[in-house]
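This report refers to the structure that appears directly beneath it.
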Number of protein chains: 2
Amino acid sequence: MVEPTMSQPLSSSVGDYLKAVWGLAGHGVAAPKDLSSRLSVSSASVTEMLRRLQELGLVEYERYRGASLTEEGHAEALRLVRRHRLIETFLLEHLGYPWEEVHEEAERLEHAVSDNFTERVAQLLGHPDRDPHGAPIPGADGTLAREDSRPLSGAPVGDRVRILRVGREDAPALAYLEARGLVPGRVLRVEEVRALDGVVTVEDEDGVSHALGGVLAASVLVQGS
Amino acid sequence: MVEPTMSQPLSSSVGDYLKAVWGLAGHGVAAPKDLSSRLSVSSASVTEMLRRLQELGLVEYERYRGASLTEEGHAEALRLVRRHRLIETFLLEHLGYPWEEVHEEAERLEHAVSDNFTERVAQLLGHPDRDPHGAPIPGADGTLAREDSRPLSGAPVGDRVRILRVGREDAPALAYLEARGLVPGRVLRVEEVRALDGVVTVEDEDGVSHALGGVLAASVLVQGS
DNA sequence: ATCGTATTTTAGGCAAACCTAGAAAATCTT
DNA sequence: AAGATTTTCTAGGTTTGCCTAAAATACGAT
Ligand SMILES: [Mn+2]
Ligand SMILES: [Mn+2]
Ligand SMILES: [Mn+2]
Ligand SMILES: [Mn+2]
């Protein structure tokens, strides 16, 4: 089913656009505005690139609407996401990087490593299925495990939940969460979800309470414990 | 003494040009023709880039003669060489890459990794002073150990010598040498250096003889055992 | 010293990614 | 249904890094 158009390797810009479309919309349509702000690039640049990506057969693009990934584009995006997440795991586990620093390095390395490198790292790591932030690592065959989690901000008060994943990649937020032990695997009890301002208060296993703003709480993904 | 012009990071092209000047001439002057063939780039491109490198303060360039590295350019070249050689060592020792495949991967990764990454790898490896091909690894402070070796092609017949380094980076030659165990550390006895065609015959520790063409023998660097 | 060859530079182009400014289209508000 | 606002596209421009073809320079050999 996949076109055999294995021409030249794609540039890092192209790759980052594909990842952005995937991250924003999955199989759906990503709006130029959202791509522009996610990639920190002018909307003129987005328009231009989307046209090129369509030319390359990587997205389906409709003017004034946005772009969705073709099968080929989707496969390429997932391949990059796999690399990114494996590299993050490697940096943390083998090079001793702090949790909040792995993302930036991976963002560059994902474009420079070969498939050979990627698979050797996967093997070294024992083929993990989640990265240090709890995000699932796509398989080498392009499959991605279904996610079964809800944002902490929508958890019922009183519930015991386990952090499955942290859907953030900016260093300050990650450093803050790690300092409080709010990392994947941690079990919490939901004390309060305040309607007024969205602040969520939780108690961790050591009896310590943490209050998280609505936006931050929404990026902490949990599953019923 | 080093200018504090720590502006934006240099591109991989710029880095590869600097490494090429260094590899061809060290502190001396590298000719455009040699850069052109080493980098597989037209001479017009070389002229253009040398002008830019001068503009950036990385080389001193004289028309129709070539370019030599400034202090800053030299430092940058050595920094890349350090990365390259550490990465090669890491690929071999920790990811199980075959000897002849490490160079190509390192050639790309050297431009994508951070100093942080590099120094963490150095630590993981125990701060090695030679890479898998026997080439010395520059220190983080920009120092490079003096080399005390001679080409095998110029060794006196009858001498016992130890391979210190293999000055080649193309996969076929490396694969050939490794298949015969002609790698750094191996001790050989020089049986014949034929004036006629430069072919060098050596006997290894297991009593096996090897005949190497003049060009290949010149790239095998040895020291008196 | 001059000729012929090799090397280097110049001139002119091209593609990838970015940008700003302004026009056009879509969407939200009243 | 306008009008105002937001979003997107178009037009035109820049930088980096490469190219080919042709002119200029340097060098080696008679
Ligand atoms: Mn990440
Ligand atoms: Mn990236
Ligand atoms: Mn190498
Ligand atoms: Mn390189």
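Lettering and numbering for the structure tokens are positional, with chains as A, B, ... in the shown order, residues counted from 1 in each chain, and ligands counted from 1 in the shown order.
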For DA26 in chain C, list every protein, DNA or RNA residue within 9 Å, evaluated using only C-alpha atoms (C1' of nucleotides), and leave out those in the same chain fewer than 4 positions away; present the list as JSON, numbers by chain. {"A": [64], "D": [6, 7, 8]}
Let me have all residues with an atom within 12 Å of ligand 4, counting only C-alpha atoms (C1' of nucleotides) and all ligand atoms, laid out as a PyMOL selection string. (chain A and resi 112) or (chain B and resi 10-20+39+77+79-85+87+103-113)
Apply DSSP to the backbone of this structure and, from range 49-172 of chain A, keep only the residues in helix (DSSP H, G or I); write these as a compact mmCIF listing (two decimals) with all heavy atoms, in the first residue's frame.
```txt
# COMPACT_ATOMS: atom_id res chain seq x y z
N MET A 49 5.20 25.75 2.68
CA MET A 49 5.62 24.39 2.98
C MET A 49 4.51 23.38 2.72
O MET A 49 4.76 22.29 2.20
CB MET A 49 6.10 24.29 4.42
CG MET A 49 6.58 22.90 4.82
SD MET A 49 7.98 22.26 3.85
CE MET A 49 9.33 22.55 5.00
N LEU A 50 3.27 23.74 3.06
CA LEU A 50 2.18 22.79 2.84
C LEU A 50 2.04 22.48 1.35
O LEU A 50 1.76 21.34 0.96
CB LEU A 50 0.87 23.31 3.42
CG LEU A 50 0.83 23.40 4.95
CD1 LEU A 50 -0.55 23.81 5.44
CD2 LEU A 50 1.24 22.07 5.59
N ARG A 51 2.25 23.49 0.54
CA ARG A 51 2.19 23.23 -0.90
C ARG A 51 3.29 22.26 -1.31
O ARG A 51 3.06 21.35 -2.12
CB ARG A 51 2.34 24.55 -1.68
CG ARG A 51 1.10 25.40 -1.56
CD ARG A 51 0.56 25.84 -2.91
NE ARG A 51 0.58 27.29 -3.00
CZ ARG A 51 1.51 27.99 -3.63
NH1 ARG A 51 2.48 27.35 -4.27
NH2 ARG A 51 1.47 29.28 -3.64
N ARG A 52 4.46 22.46 -0.74
CA ARG A 52 5.56 21.56 -1.08
C ARG A 52 5.32 20.15 -0.57
O ARG A 52 5.61 19.16 -1.25
CB ARG A 52 6.89 22.09 -0.53
CG ARG A 52 7.56 23.04 -1.50
CD ARG A 52 9.03 23.23 -1.19
NE ARG A 52 9.70 22.00 -0.86
CZ ARG A 52 10.41 21.78 0.25
NH1 ARG A 52 10.51 22.73 1.14
NH2 ARG A 52 10.98 20.63 0.44
N LEU A 53 4.78 20.05 0.62
CA LEU A 53 4.51 18.72 1.17
C LEU A 53 3.49 17.98 0.32
O LEU A 53 3.58 16.76 0.13
CB LEU A 53 4.02 18.83 2.62
CG LEU A 53 5.03 19.34 3.64
CD1 LEU A 53 4.43 19.40 5.03
CD2 LEU A 53 6.29 18.47 3.65
N GLN A 54 2.52 18.75 -0.19
CA GLN A 54 1.54 18.10 -1.07
C GLN A 54 2.24 17.62 -2.34
O GLN A 54 2.03 16.49 -2.78
CB GLN A 54 0.42 19.06 -1.43
CG GLN A 54 -0.58 18.43 -2.39
CD GLN A 54 -1.92 19.11 -2.36
OE1 GLN A 54 -2.03 20.30 -2.65
NE2 GLN A 54 -2.96 18.37 -1.99
N GLU A 55 3.08 18.49 -2.87
CA GLU A 55 3.88 18.14 -4.05
C GLU A 55 4.63 16.83 -3.83
O GLU A 55 4.73 15.99 -4.71
CB GLU A 55 4.87 19.27 -4.33
CG GLU A 55 5.23 19.43 -5.78
CD GLU A 55 3.99 19.71 -6.62
OE1 GLU A 55 3.04 20.36 -6.10
OE2 GLU A 55 3.97 19.26 -7.77
N GLU A 71 -0.86 8.58 3.68
CA GLU A 71 -0.33 7.40 4.34
C GLU A 71 1.18 7.49 4.46
O GLU A 71 1.76 7.18 5.51
CB GLU A 71 -0.71 6.16 3.52
CG GLU A 71 -1.18 5.00 4.37
CD GLU A 71 -1.71 3.88 3.49
OE1 GLU A 71 -2.79 4.04 2.88
OE2 GLU A 71 -1.02 2.86 3.41
N GLU A 72 1.80 7.96 3.39
CA GLU A 72 3.25 8.08 3.40
C GLU A 72 3.71 9.12 4.43
O GLU A 72 4.67 8.90 5.16
CB GLU A 72 3.74 8.46 2.00
CG GLU A 72 5.22 8.25 1.80
CD GLU A 72 5.69 8.78 0.45
OE1 GLU A 72 4.85 8.91 -0.47
OE2 GLU A 72 6.88 9.09 0.32
N GLY A 73 3.00 10.24 4.45
CA GLY A 73 3.36 11.28 5.42
C GLY A 73 3.18 10.81 6.85
O GLY A 73 4.00 11.10 7.73
N HIS A 74 2.11 10.07 7.06
CA HIS A 74 1.83 9.55 8.39
C HIS A 74 2.93 8.59 8.82
O HIS A 74 3.42 8.63 9.97
CB HIS A 74 0.47 8.85 8.40
CG HIS A 74 -0.04 8.55 9.76
ND1 HIS A 74 0.13 7.33 10.36
CD2 HIS A 74 -0.70 9.32 10.66
CE1 HIS A 74 -0.41 7.35 11.57
NE2 HIS A 74 -0.93 8.54 11.78
N ALA A 75 3.35 7.73 7.91
CA ALA A 75 4.40 6.77 8.23
C ALA A 75 5.70 7.49 8.58
O ALA A 75 6.39 7.14 9.54
CB ALA A 75 4.63 5.82 7.05
N GLU A 76 6.01 8.52 7.82
CA GLU A 76 7.24 9.27 8.08
C GLU A 76 7.17 9.98 9.44
O GLU A 76 8.15 10.00 10.19
CB GLU A 76 7.47 10.28 6.95
CG GLU A 76 8.68 11.17 7.13
CD GLU A 76 10.01 10.41 7.17
OE1 GLU A 76 10.04 9.24 6.69
OE2 GLU A 76 10.98 10.96 7.70
N ALA A 77 6.02 10.55 9.75
CA ALA A 77 5.86 11.22 11.04
C ALA A 77 6.06 10.22 12.18
O ALA A 77 6.81 10.50 13.13
CB ALA A 77 4.47 11.85 11.13
N LEU A 78 5.44 9.08 12.06
CA LEU A 78 5.57 8.08 13.13
C LEU A 78 7.00 7.56 13.27
O LEU A 78 7.47 7.29 14.36
CB LEU A 78 4.64 6.89 12.87
CG LEU A 78 3.26 6.97 13.51
CD1 LEU A 78 2.61 5.59 13.47
CD2 LEU A 78 3.33 7.46 14.94
N ARG A 79 7.67 7.47 12.14
CA ARG A 79 9.06 7.01 12.17
C ARG A 79 9.90 8.01 12.99
O ARG A 79 10.75 7.62 13.79
CB ARG A 79 9.59 6.93 10.74
CG ARG A 79 10.69 5.91 10.52
CD ARG A 79 10.99 5.79 9.02
NE ARG A 79 11.42 7.05 8.48
CZ ARG A 79 12.70 7.43 8.41
NH1 ARG A 79 13.65 6.62 8.83
NH2 ARG A 79 13.01 8.59 7.91
N LEU A 80 9.64 9.31 12.76
CA LEU A 80 10.36 10.34 13.51
C LEU A 80 9.99 10.32 14.99
O LEU A 80 10.84 10.51 15.85
CB LEU A 80 10.07 11.72 12.92
CG LEU A 80 10.94 12.09 11.74
CD1 LEU A 80 10.43 13.36 11.09
CD2 LEU A 80 12.39 12.27 12.20
N VAL A 81 8.71 10.12 15.27
CA VAL A 81 8.27 10.09 16.66
C VAL A 81 8.94 8.91 17.37
O VAL A 81 9.40 9.02 18.51
CB VAL A 81 6.74 9.98 16.75
CG1 VAL A 81 6.30 9.68 18.17
CG2 VAL A 81 6.11 11.28 16.25
N ARG A 82 9.03 7.78 16.68
CA ARG A 82 9.72 6.62 17.27
C ARG A 82 11.16 6.97 17.61
O ARG A 82 11.63 6.73 18.71
CB ARG A 82 9.68 5.44 16.29
CG ARG A 82 10.53 4.25 16.72
CD ARG A 82 10.30 3.04 15.81
NE ARG A 82 11.27 1.97 16.04
CZ ARG A 82 11.19 1.12 17.04
NH1 ARG A 82 10.20 1.21 17.91
NH2 ARG A 82 12.10 0.17 17.19
N ARG A 83 11.83 7.57 16.65
CA ARG A 83 13.22 7.96 16.89
C ARG A 83 13.33 8.90 18.07
O ARG A 83 14.16 8.73 18.95
CB ARG A 83 13.77 8.70 15.67
CG ARG A 83 14.05 7.80 14.53
CD ARG A 83 14.54 8.63 13.37
NE ARG A 83 14.89 7.77 12.26
CZ ARG A 83 15.56 8.18 11.21
NH1 ARG A 83 15.94 9.45 11.12
NH2 ARG A 83 15.84 7.35 10.24
N HIS A 84 12.49 9.90 18.05
CA HIS A 84 12.52 10.92 19.09
C HIS A 84 12.37 10.29 20.47
O HIS A 84 13.15 10.56 21.39
CB HIS A 84 11.40 11.93 18.83
CG HIS A 84 11.33 13.05 19.81
ND1 HIS A 84 11.78 14.31 19.52
CD2 HIS A 84 10.86 13.09 21.08
CE1 HIS A 84 11.60 15.08 20.58
NE2 HIS A 84 11.03 14.38 21.54
N ARG A 85 11.40 9.43 20.62
CA ARG A 85 11.12 8.88 21.93
C ARG A 85 12.15 7.87 22.38
O ARG A 85 12.47 7.76 23.58
CB ARG A 85 9.69 8.30 21.95
CG ARG A 85 8.68 9.43 21.80
CD ARG A 85 7.23 9.01 21.80
NE ARG A 85 6.39 10.21 21.69
CZ ARG A 85 5.07 10.21 21.49
NH1 ARG A 85 4.42 9.05 21.39
NH2 ARG A 85 4.41 11.35 21.40
N LEU A 86 12.69 7.12 21.42
CA LEU A 86 13.76 6.19 21.78
C LEU A 86 15.01 6.97 22.21
O LEU A 86 15.68 6.63 23.18
CB LEU A 86 14.08 5.27 20.60
CG LEU A 86 13.09 4.13 20.37
CD1 LEU A 86 13.34 3.46 19.03
CD2 LEU A 86 13.19 3.09 21.50
N ILE A 87 15.29 8.04 21.46
CA ILE A 87 16.47 8.85 21.80
C ILE A 87 16.32 9.46 23.19
O ILE A 87 17.25 9.44 23.99
CB ILE A 87 16.70 9.93 20.72
CG1 ILE A 87 17.17 9.28 19.42
CG2 ILE A 87 17.70 10.97 21.19
CD1 ILE A 87 17.10 10.20 18.20
N GLU A 88 15.14 9.98 23.48
CA GLU A 88 14.91 10.54 24.81
C GLU A 88 15.16 9.50 25.90
O GLU A 88 15.80 9.78 26.92
CB GLU A 88 13.47 11.05 24.94
CG GLU A 88 13.23 12.37 24.23
CD GLU A 88 11.85 12.94 24.52
OE1 GLU A 88 10.99 12.20 25.05
OE2 GLU A 88 11.62 14.13 24.23
N THR A 89 14.65 8.32 25.68
CA THR A 89 14.83 7.26 26.67
C THR A 89 16.31 6.93 26.84
O THR A 89 16.81 6.77 27.96
CB THR A 89 14.05 6.00 26.24
OG1 THR A 89 12.72 6.37 25.92
CG2 THR A 89 14.03 4.97 27.35
N PHE A 90 16.99 6.86 25.72
CA PHE A 90 18.42 6.57 25.77
C PHE A 90 19.20 7.66 26.52
O PHE A 90 20.07 7.36 27.35
CB PHE A 90 18.96 6.43 24.34
CG PHE A 90 20.45 6.48 24.27
CD1 PHE A 90 21.22 5.37 24.64
CD2 PHE A 90 21.10 7.64 23.88
CE1 PHE A 90 22.60 5.43 24.60
CE2 PHE A 90 22.47 7.70 23.83
CZ PHE A 90 23.23 6.59 24.20
N LEU A 91 18.89 8.90 26.22
CA LEU A 91 19.61 10.01 26.87
C LEU A 91 19.44 9.94 28.38
O LEU A 91 20.38 10.16 29.15
CB LEU A 91 19.09 11.35 26.35
CG LEU A 91 19.38 11.66 24.88
CD1 LEU A 91 18.71 12.96 24.47
CD2 LEU A 91 20.88 11.73 24.63
N LEU A 92 18.24 9.63 28.80
CA LEU A 92 17.96 9.58 30.23
C LEU A 92 18.63 8.37 30.89
O LEU A 92 19.31 8.49 31.90
CB LEU A 92 16.44 9.50 30.46
CG LEU A 92 16.01 9.66 31.90
CD1 LEU A 92 15.77 11.14 32.20
CD2 LEU A 92 14.75 8.86 32.19
N GLU A 93 18.45 7.22 30.27
CA GLU A 93 18.90 6.00 30.94
C GLU A 93 20.38 5.70 30.78
O GLU A 93 20.98 5.07 31.63
CB GLU A 93 18.08 4.81 30.42
CG GLU A 93 16.62 4.88 30.84
CD GLU A 93 15.84 3.65 30.45
OE1 GLU A 93 16.45 2.68 29.91
OE2 GLU A 93 14.61 3.64 30.66
N HIS A 94 20.96 6.12 29.66
CA HIS A 94 22.36 5.75 29.44
C HIS A 94 23.33 6.91 29.55
O HIS A 94 24.50 6.72 29.79
CB HIS A 94 22.51 5.05 28.10
CG HIS A 94 22.01 3.64 28.11
ND1 HIS A 94 22.83 2.55 28.21
CD2 HIS A 94 20.74 3.17 28.08
CE1 HIS A 94 22.11 1.45 28.23
NE2 HIS A 94 20.83 1.79 28.15
N LEU A 95 22.85 8.13 29.32
CA LEU A 95 23.78 9.25 29.44
C LEU A 95 23.48 10.12 30.66
O LEU A 95 24.17 11.12 30.88
CB LEU A 95 23.75 10.10 28.16
CG LEU A 95 24.34 9.44 26.90
CD1 LEU A 95 24.39 10.43 25.75
CD2 LEU A 95 25.73 8.87 27.17
N TRP A 99 15.62 14.70 33.24
CA TRP A 99 14.31 14.51 32.60
C TRP A 99 13.95 15.64 31.66
O TRP A 99 13.50 15.42 30.53
CB TRP A 99 13.27 14.42 33.73
CG TRP A 99 11.99 13.74 33.37
CD1 TRP A 99 11.84 12.56 32.73
CD2 TRP A 99 10.68 14.21 33.68
NE1 TRP A 99 10.52 12.24 32.64
CE2 TRP A 99 9.77 13.24 33.21
CE3 TRP A 99 10.17 15.35 34.32
CZ2 TRP A 99 8.40 13.38 33.34
CZ3 TRP A 99 8.80 15.47 34.47
CH2 TRP A 99 7.94 14.50 33.98
N GLU A 100 14.11 16.86 32.12
CA GLU A 100 13.61 17.99 31.34
C GLU A 100 14.53 18.42 30.21
O GLU A 100 14.20 19.30 29.43
CB GLU A 100 13.33 19.18 32.27
CG GLU A 100 14.56 19.88 32.79
CD GLU A 100 15.08 19.29 34.10
OE1 GLU A 100 14.67 18.15 34.43
OE2 GLU A 100 15.89 19.95 34.75
N GLU A 101 15.69 17.78 30.09
CA GLU A 101 16.61 18.22 29.03
C GLU A 101 16.60 17.30 27.82
O GLU A 101 17.17 17.64 26.78
CB GLU A 101 18.05 18.29 29.57
CG GLU A 101 18.30 19.52 30.43
CD GLU A 101 19.73 19.58 30.94
OE1 GLU A 101 20.63 18.97 30.31
OE2 GLU A 101 19.95 20.24 31.96
N VAL A 102 15.98 16.15 27.93
CA VAL A 102 16.07 15.18 26.84
C VAL A 102 15.36 15.64 25.57
O VAL A 102 15.81 15.36 24.46
CB VAL A 102 15.53 13.79 27.24
CG1 VAL A 102 16.35 13.21 28.38
CG2 VAL A 102 14.07 13.85 27.60
N HIS A 103 14.27 16.36 25.75
CA HIS A 103 13.47 16.70 24.57
C HIS A 103 14.24 17.52 23.54
O HIS A 103 14.22 17.22 22.35
CB HIS A 103 12.20 17.45 24.97
CG HIS A 103 11.37 17.87 23.80
ND1 HIS A 103 10.60 16.96 23.08
CD2 HIS A 103 11.21 19.06 23.19
CE1 HIS A 103 10.01 17.60 22.10
NE2 HIS A 103 10.36 18.86 22.14
N GLU A 104 14.90 18.54 24.01
CA GLU A 104 15.59 19.45 23.09
C GLU A 104 16.66 18.72 22.28
O GLU A 104 16.78 18.89 21.07
CB GLU A 104 16.21 20.60 23.88
CG GLU A 104 16.69 21.73 23.00
CD GLU A 104 17.62 22.68 23.75
OE1 GLU A 104 17.67 22.60 25.00
OE2 GLU A 104 18.30 23.48 23.09
N GLU A 105 17.44 17.89 22.96
CA GLU A 105 18.49 17.16 22.25
C GLU A 105 17.87 16.20 21.23
O GLU A 105 18.33 16.09 20.10
CB GLU A 105 19.36 16.38 23.25
CG GLU A 105 20.60 15.75 22.65
CD GLU A 105 21.82 16.67 22.72
OE1 GLU A 105 22.02 17.34 23.74
OE2 GLU A 105 22.57 16.73 21.72
N ALA A 106 16.80 15.53 21.64
CA ALA A 106 16.15 14.57 20.75
C ALA A 106 15.57 15.26 19.51
O ALA A 106 15.55 14.70 18.42
CB ALA A 106 15.05 13.81 21.48
N GLU A 107 15.12 16.48 19.70
CA GLU A 107 14.52 17.22 18.59
C GLU A 107 15.51 17.41 17.44
O GLU A 107 15.13 17.48 16.27
CB GLU A 107 14.02 18.57 19.11
CG GLU A 107 12.99 19.26 18.24
CD GLU A 107 11.75 18.41 18.01
OE1 GLU A 107 11.11 17.96 18.97
OE2 GLU A 107 11.43 18.17 16.84
N ARG A 108 16.79 17.52 17.78
CA ARG A 108 17.80 17.63 16.72
C ARG A 108 18.27 16.27 16.25
O ARG A 108 18.40 16.01 15.06
CB ARG A 108 19.01 18.43 17.24
CG ARG A 108 18.89 19.94 17.05
CD ARG A 108 20.05 20.67 17.71
NE ARG A 108 20.01 20.56 19.15
CZ ARG A 108 20.86 19.86 19.90
NH1 ARG A 108 21.87 19.23 19.33
NH2 ARG A 108 20.71 19.81 21.21
N LEU A 109 18.54 15.38 17.20
CA LEU A 109 19.10 14.08 16.83
C LEU A 109 18.17 13.24 15.96
O LEU A 109 18.61 12.48 15.11
CB LEU A 109 19.48 13.29 18.09
CG LEU A 109 20.73 13.78 18.79
CD1 LEU A 109 20.99 12.97 20.06
CD2 LEU A 109 21.93 13.67 17.86
N ASP A 115 18.20 4.65 10.49
CA ASP A 115 17.34 3.59 11.00
C ASP A 115 18.17 2.56 11.75
O ASP A 115 17.76 2.04 12.78
CB ASP A 115 16.61 2.90 9.84
CG ASP A 115 15.41 3.71 9.36
OD1 ASP A 115 14.96 4.59 10.11
OD2 ASP A 115 14.95 3.47 8.24
N ASN A 116 19.33 2.30 11.22
CA ASN A 116 20.25 1.37 11.86
C ASN A 116 20.52 1.80 13.31
O ASN A 116 20.36 1.01 14.25
CB ASN A 116 21.56 1.35 11.05
CG ASN A 116 22.52 0.28 11.53
OD1 ASN A 116 22.20 -0.54 12.39
ND2 ASN A 116 23.73 0.30 10.97
N PHE A 117 20.89 3.06 13.47
CA PHE A 117 21.15 3.60 14.80
C PHE A 117 19.92 3.42 15.68
O PHE A 117 20.00 2.92 16.81
CB PHE A 117 21.51 5.07 14.68
CG PHE A 117 21.84 5.76 15.99
CD1 PHE A 117 23.15 5.95 16.37
CD2 PHE A 117 20.82 6.22 16.82
CE1 PHE A 117 23.46 6.58 17.57
CE2 PHE A 117 21.13 6.86 18.02
CZ PHE A 117 22.45 7.03 18.40
N THR A 118 18.78 3.82 15.16
CA THR A 118 17.54 3.76 15.93
C THR A 118 17.26 2.36 16.44
O THR A 118 16.97 2.15 17.62
CB THR A 118 16.36 4.21 15.05
OG1 THR A 118 16.66 5.48 14.49
CG2 THR A 118 15.10 4.31 15.88
N GLU A 119 17.38 1.39 15.56
CA GLU A 119 17.04 0.02 15.98
C GLU A 119 18.07 -0.55 16.95
O GLU A 119 17.74 -1.34 17.84
CB GLU A 119 16.84 -0.87 14.77
CG GLU A 119 15.64 -0.44 13.90
CD GLU A 119 14.41 -0.04 14.72
OE1 GLU A 119 14.04 -0.77 15.66
OE2 GLU A 119 13.82 1.03 14.44
N ARG A 120 19.31 -0.12 16.79
CA ARG A 120 20.32 -0.57 17.76
C ARG A 120 20.06 0.03 19.14
O ARG A 120 20.25 -0.62 20.17
CB ARG A 120 21.73 -0.19 17.28
CG ARG A 120 22.23 -1.10 16.17
CD ARG A 120 23.59 -0.65 15.67
NE ARG A 120 24.00 -1.39 14.49
CZ ARG A 120 24.68 -2.53 14.53
NH1 ARG A 120 24.99 -3.07 15.70
NH2 ARG A 120 25.01 -3.15 13.43
N VAL A 121 19.62 1.27 19.15
CA VAL A 121 19.27 1.89 20.44
C VAL A 121 18.07 1.17 21.05
O VAL A 121 18.04 0.88 22.25
CB VAL A 121 18.98 3.40 20.27
CG1 VAL A 121 18.29 3.96 21.51
CG2 VAL A 121 20.28 4.15 20.00
N ALA A 122 17.08 0.88 20.20
CA ALA A 122 15.89 0.18 20.70
C ALA A 122 16.30 -1.13 21.37
O ALA A 122 15.81 -1.48 22.45
CB ALA A 122 14.93 -0.08 19.55
N GLN A 123 17.21 -1.82 20.73
CA GLN A 123 17.66 -3.09 21.29
C GLN A 123 18.40 -2.89 22.61
O GLN A 123 18.16 -3.59 23.59
CB GLN A 123 18.57 -3.78 20.27
CG GLN A 123 18.97 -5.18 20.70
CD GLN A 123 19.69 -5.92 19.59
OE1 GLN A 123 20.21 -5.29 18.65
NE2 GLN A 123 19.72 -7.24 19.69
N LEU A 124 19.29 -1.91 22.61
CA LEU A 124 20.04 -1.61 23.83
C LEU A 124 19.11 -1.32 25.00
O LEU A 124 19.36 -1.70 26.14
CB LEU A 124 20.95 -0.40 23.57
CG LEU A 124 21.85 0.09 24.71
CD1 LEU A 124 22.93 -0.94 25.00
CD2 LEU A 124 22.47 1.44 24.37
N LEU A 152 -5.82 14.76 34.14
CA LEU A 152 -6.03 14.86 35.58
C LEU A 152 -7.10 15.91 35.89
O LEU A 152 -7.85 15.78 36.86
CB LEU A 152 -4.71 15.24 36.25
CG LEU A 152 -4.72 15.45 37.77
CD1 LEU A 152 -5.19 14.20 38.50
CD2 LEU A 152 -3.32 15.83 38.27
N SER A 153 -7.15 16.91 35.04
CA SER A 153 -8.11 17.99 35.27
C SER A 153 -9.57 17.51 35.20
O SER A 153 -10.48 18.17 35.68
CB SER A 153 -7.90 19.10 34.23
OG SER A 153 -7.85 18.54 32.92
N GLY A 154 -9.78 16.33 34.61
CA GLY A 154 -11.16 15.83 34.49
C GLY A 154 -11.42 14.63 35.38
O GLY A 154 -12.42 13.94 35.20
N ALA A 171 10.88 22.57 29.30
CA ALA A 171 11.73 22.24 30.43
C ALA A 171 11.22 22.77 31.78
O ALA A 171 11.21 22.02 32.76
CB ALA A 171 13.16 22.71 30.18
N PRO A 172 10.76 24.03 31.87
CA PRO A 172 10.34 24.51 33.19
C PRO A 172 9.21 23.68 33.80
O PRO A 172 9.28 23.30 34.97
CB PRO A 172 9.86 25.94 32.89
CG PRO A 172 10.58 26.34 31.65
CD PRO A 172 10.73 25.09 30.85
```
When the cut-off is 9 Å and we count only C-alpha atoms (C1' of nucleotides), which residues of chain C are near chain B, given as a VMD selection string? chain C and resid 7 to 10
Could you take the residues named above and write them with N, CA, C and O atoms (P, O5', C5', C4', C3', O3' and C1' of nucleotides), as a tab-separated table (two decimals), in the first residue's frame?
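Wrote result31.tsv, looks like this:
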```tsv
chain	number	residue	atom	x	y	z
C	7	DT	P	44.85	20.28	-11.58
C	7	DT	O5'	44.54	21.77	-11.09
C	7	DT	C5'	45.62	22.61	-10.74
C	7	DT	C4'	45.09	23.99	-10.44
C	7	DT	C3'	43.90	24.04	-9.50
C	7	DT	O3'	44.30	24.84	-8.40
C	7	DT	C1'	43.53	25.41	-11.39
C	8	DT	P	43.32	25.10	-7.15
C	8	DT	O5'	42.60	26.47	-7.58
C	8	DT	C5'	43.40	27.64	-7.76
C	8	DT	C4'	42.52	28.76	-8.27
C	8	DT	C3'	41.27	28.99	-7.43
C	8	DT	O3'	41.37	30.29	-6.86
C	8	DT	C1'	40.79	29.05	-9.76
C	9	DT	P	40.22	30.88	-5.94
C	9	DT	O5'	39.44	31.80	-6.98
C	9	DT	C5'	40.17	32.82	-7.65
C	9	DT	C4'	39.29	33.44	-8.73
C	9	DT	C3'	37.98	34.03	-8.20
C	9	DT	O3'	37.90	35.39	-8.60
C	9	DT	C1'	37.59	32.64	-10.09
C	10	DT	P	36.70	36.31	-8.09
C	10	DT	O5'	35.73	36.42	-9.35
C	10	DT	C5'	36.27	36.52	-10.65
C	10	DT	C4'	35.17	36.57	-11.71
C	10	DT	C3'	33.84	37.19	-11.28
C	10	DT	O3'	33.39	37.99	-12.37
C	10	DT	C1'	33.46	35.00	-12.07
```
Do me a favour and pick out the residues of chain D within 10 Å of chain B, using only C-alpha atoms (C1' of nucleotides), as JSON, numbers by chain. {"D": [16, 17, 18, 19, 20, 25, 26]}
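The closest residue to chain A, picked from B:Leu221, B:Val166, B:Val157, B:Leu125 and counting only C-alpha atoms, is B:Leu125.
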So that I can see what lies close to DT10 in chain D, please list as a short mmCIF file (atom, residue, chain, number, x, y, z; two decimals) with N, CA, C and O atoms (P, O5', C5', C4', C3', O3' and C1' of nucleotides), in the first residue's frame the residues with an atom at most 10 Å from it, counting only C-alpha atoms (C1' of nucleotides) and leaving out residues fewer than 5 positions away in the same chain.
```
data_model
loop_
_atom_site.label_atom_id
_atom_site.label_comp_id
_atom_site.auth_asym_id
_atom_site.auth_seq_id
_atom_site.Cartn_x
_atom_site.Cartn_y
_atom_site.Cartn_z
N ALA A 44 3.01 32.60 6.33
CA ALA A 44 3.41 32.55 4.93
C ALA A 44 4.30 31.33 4.69
O ALA A 44 4.17 30.63 3.68
P DG C 22 2.50 47.48 3.81
"O5'" DG C 22 1.44 46.70 2.91
"C5'" DG C 22 1.77 46.46 1.53
"C4'" DG C 22 0.77 45.50 0.97
"C3'" DG C 22 -0.69 45.91 1.20
"O3'" DG C 22 -1.41 45.57 0.02
"C1'" DG C 22 -0.37 43.77 2.01
P DA C 23 -2.89 46.23 -0.24
"O5'" DA C 23 -3.63 45.01 -0.95
"C5'" DA C 23 -2.91 44.27 -1.95
"C4'" DA C 23 -3.58 42.91 -2.11
"C3'" DA C 23 -5.10 42.96 -2.21
"O3'" DA C 23 -5.50 42.04 -3.19
"C1'" DA C 23 -4.48 41.61 -0.38
P DA C 24 -7.06 41.87 -3.57
"O5'" DA C 24 -7.46 40.52 -2.82
"C5'" DA C 24 -6.77 39.32 -3.14
"C4'" DA C 24 -7.34 38.21 -2.29
"C3'" DA C 24 -8.86 38.11 -2.33
"O3'" DA C 24 -9.16 36.75 -2.54
"C1'" DA C 24 -8.12 38.20 -0.10
#
```
